[in-house]
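With PDB, C-alpha atoms, pLDDT in the B column inside, this is start21.pdb:
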```
MODEL        1
ATOM      1  CA  MET A 971      -4.177   8.658  -9.606  1.00 71.00           C
ATOM      2  CA  PHE A 972      -3.439   5.371  -7.857  1.00 75.00           C
ATOM      3  CA  THR A 973      -0.882   2.693  -8.632  1.00 80.00           C
ATOM      4  CA  SER A 974      -1.025  -1.067  -8.177  1.00 79.00           C
ATOM      5  CA  GLY A 975      -0.008  -2.146  -4.689  1.00 85.00           C
ATOM      6  CA  GLU A 976      -0.582   1.321  -3.264  1.00 88.00           C
ATOM      7  CA  ILE A 977      -1.949   1.307   0.284  1.00 92.00           C
ATOM      8  CA  VAL A 978      -5.236   3.162   0.605  1.00 92.00           C
ATOM      9  CA  SER A 979      -5.789   2.692   4.328  1.00 94.00           C
ATOM     10  CA  SER A 980      -4.398   0.912   7.347  1.00 96.00           C
ATOM     11  CA  PHE A 981      -6.584   0.326  10.384  1.00 97.00           C
ATOM     12  CA  ILE A 982      -7.444  -1.865  13.348  1.00 97.00           C
ATOM     13  CA  THR A 983     -10.546  -4.039  12.947  1.00 96.00           C
ATOM     14  CA  LYS A 984     -13.294  -4.419  15.546  1.00 96.00           C
ATOM     15  CA  THR A 985     -11.613  -7.663  16.619  1.00 97.00           C
ATOM     16  CA  GLY A 986      -8.300  -5.872  17.166  1.00 97.00           C
ATOM     17  CA  GLN A 987      -6.487  -7.162  14.094  1.00 96.00           C
ATOM     18  CA  HIS A 988      -4.359  -4.912  11.893  1.00 97.00           C
ATOM     19  CA  ALA A 989      -5.748  -4.572   8.354  1.00 97.00           C
ATOM     20  CA  VAL A 990      -4.400  -2.970   5.198  1.00 96.00           C
ATOM     21  CA  LEU A 991      -6.611  -1.898   2.286  1.00 95.00           C
ATOM     22  CA  ARG A 992      -4.605  -1.680  -0.938  1.00 92.00           C
ATOM     23  CA  PHE A 993      -4.761  -1.972  -4.693  1.00 88.00           C
ATOM     24  CA  ALA A 994      -4.161  -5.344  -6.344  1.00 87.00           C
ATOM     25  CA  GLN A 995      -0.748  -6.202  -7.744  1.00 87.00           C
ATOM     26  CA  ILE A 996       0.683  -9.060  -9.795  1.00 89.00           C
ATOM     27  CA  SER A 997       2.493 -10.509  -6.787  1.00 90.00           C
ATOM     28  CA  ASP A 998      -0.971 -11.332  -5.351  1.00 91.00           C
ATOM     29  CA  ALA A 999      -1.528 -13.890  -8.136  1.00 92.00           C
ATOM     30  CA  GLU A1000      -0.420 -17.027  -6.285  1.00 94.00           C
ATOM     31  CA  ASN A1001      -2.541 -16.317  -3.194  1.00 91.00           C
ATOM     32  CA  LEU A1002      -5.548 -15.285  -5.289  1.00 89.00           C
ATOM     33  CA  THR A1003      -5.325 -18.398  -7.454  1.00 92.00           C
ATOM     34  CA  GLU A1004      -5.248 -20.594  -4.358  1.00 92.00           C
ATOM     35  CA  PHE A1005      -8.223 -18.743  -2.824  1.00 87.00           C
ATOM     36  CA  ILE A1006     -10.299 -18.740  -6.031  1.00 85.00           C
ATOM     37  CA  ASN A1007      -9.703 -22.440  -6.679  1.00 87.00           C
ATOM     38  CA  PHE A1008     -10.568 -23.358  -3.077  1.00 88.00           C
ATOM     39  CA  PHE A1009     -13.686 -21.168  -3.001  1.00 82.00           C
ATOM     40  CA  SER A1010     -14.796 -22.391  -6.435  1.00 80.00           C
ATOM     41  CA  LEU A1011     -15.141 -25.947  -5.122  1.00 81.00           C
ATOM     42  CA  GLU A1012     -17.900 -24.842  -2.741  1.00 75.00           C
ATOM     43  CA  ASN A1013     -21.461 -24.970  -4.035  1.00 70.00           C
ATOM     44  CA  ARG A1014     -21.968 -21.216  -4.371  1.00 67.00           C
ATOM     45  CA  PHE A1015     -23.467 -18.984  -7.013  1.00 66.00           C
ATOM     46  CA  THR A1016     -20.276 -17.182  -7.972  1.00 66.00           C
ATOM     47  CA  ARG A1017     -18.437 -16.442 -11.172  1.00 66.00           C
ATOM     48  CA  PHE A1018     -16.098 -19.373 -10.545  1.00 65.00           C
ATOM     49  CA  SER A1019     -18.369 -22.240  -9.604  1.00 68.00           C
ATOM     50  CA  GLY A1020     -16.354 -25.422 -10.039  1.00 69.00           C
ATOM     51  CA  GLU A1021     -13.782 -23.829 -12.344  1.00 77.00           C
ATOM     52  CA  GLN A1022     -10.088 -24.042 -11.556  1.00 85.00           C
ATOM     53  CA  LEU A1023      -7.692 -21.314 -12.679  1.00 85.00           C
ATOM     54  CA  THR A1024      -4.021 -21.649 -13.425  1.00 91.00           C
ATOM     55  CA  LEU A1025      -1.441 -19.320 -11.942  1.00 93.00           C
ATOM     56  CA  GLU A1026      -0.648 -18.124 -15.472  1.00 94.00           C
ATOM     57  CA  GLU A1027      -4.308 -17.140 -16.031  1.00 92.00           C
ATOM     58  CA  GLU A1028      -4.376 -15.153 -12.788  1.00 91.00           C
ATOM     59  CA  ILE A1029      -1.082 -13.427 -13.607  1.00 92.00           C
ATOM     60  CA  GLN A1030      -2.445 -12.435 -17.016  1.00 93.00           C
ATOM     61  CA  TYR A1031      -5.651 -11.113 -15.436  1.00 89.00           C
ATOM     62  CA  LEU A1032      -3.819  -9.148 -12.737  1.00 89.00           C
ATOM     63  CA  GLY A1033      -1.449  -7.749 -15.371  1.00 90.00           C
ATOM     64  CA  SER A1034      -4.371  -6.295 -17.306  1.00 91.00           C
ATOM     65  CA  GLU A1035      -5.926  -5.000 -14.078  1.00 88.00           C
ATOM     66  CA  GLU A1036      -2.617  -3.430 -13.046  1.00 87.00           C
ATOM     67  CA  LYS A1037      -2.489  -1.480 -16.329  1.00 89.00           C
ATOM     68  CA  ALA A1038      -6.097  -0.336 -15.853  1.00 89.00           C
ATOM     69  CA  ILE A1039      -5.438   0.718 -12.236  1.00 85.00           C
ATOM     70  CA  ASN A1040      -2.300   2.645 -13.168  1.00 84.00           C
ATOM     71  CA  SER A1041      -4.151   4.477 -15.962  1.00 88.00           C
ATOM     72  CA  GLY A1042      -7.062   5.344 -13.660  1.00 86.00           C
ATOM     73  CA  ASP A1043      -9.557   3.106 -15.487  1.00 89.00           C
ATOM     74  CA  SER A1044     -10.103   0.498 -12.757  1.00 84.00           C
ATOM     75  CA  VAL A1045     -10.319   0.051  -9.037  1.00 86.00           C
ATOM     76  CA  LYS A1046      -9.545  -3.317  -7.490  1.00 85.00           C
ATOM     77  CA  LEU A1047      -8.944  -3.243  -3.753  1.00 88.00           C
ATOM     78  CA  PHE A1048      -7.976  -6.009  -1.354  1.00 89.00           C
ATOM     79  CA  CYS A1049      -8.005  -6.085   2.408  1.00 91.00           C
ATOM     80  CA  PHE A1050      -5.252  -7.993   4.187  1.00 89.00           C
TER      81      PHE A1050
ENDMDL
END
```
What would you get if you wrote out this structure as structure tokens?
Amino acid sequence: MFTSGEIVSSFITKTGQHAVLRFAQISDAENLTEFINFFSLENRFTRFSGEQLTLEEEIQYLGSEEKAINSGDSVKLFCF
């Protein structure tokens, strides 16, 4: 079973950059909120088209995802 924040893989990309693939964790909330709100302003067909999230909403969402990851009911991976 996996836990939130656990590193799944670490590798070098084709462009020579170091990358880490890991499970989401609550401490990602601020960066994710900033990214989602920036991306949402673009005219794309995504779940968040024009919507703006608060940090509190993202923390609540990641908290529920963290519980699901830790219980083995969800997979949410990020690459940094």
| task | Fewer than 6 positions away in the same chain doesn't count, so skip those; otherwise give me all residues within 12 Å of Glu1028 in chain A, counting only C-alpha atoms, as number ranges by chain. | result | A: 994-1007, 1022, 1034-1036
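Within 7 Å of range 976-991 of chain A there are Leu1047, Phe1048, Cys1049 and Phe1050 of chain A, counting only C-alpha atoms and ignoring same-chain residues fewer than 6 positions away.
The smallest atom-to-atom distance between Leu1032 in chain A and any of A:Met971, A:Arg992, A:Leu1011, A:Lys1046, using only C-alpha atoms, is found for A:Lys1046.
The two atoms in question, CA of Phe972 in chain A and CA of Ile1029 in chain A, are spaced 19.8 Å apart.
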For CA of Phe1008 in chain A and CA of Gln1030 in chain A, the interatomic separation in Å (one decimal):
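Computing it gives 19.5 Å between the two atoms.
Pairwise distance (CA of Glu1026 in chain A, CA of Asp1043 in chain A) equals 23.0 Å.
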Edge lengths and centre in Å to one decimal, as JSON, is what I'm after for the box along x, y and z that holds all listed atoms of range 997-1009 of chain A once 6 Å is added on each side.
```
{"center_x": -5.6, "center_y": -16.9, "center_z": -5.5, "size_x": 28.2, "size_y": 24.8, "size_z": 17.3}
```
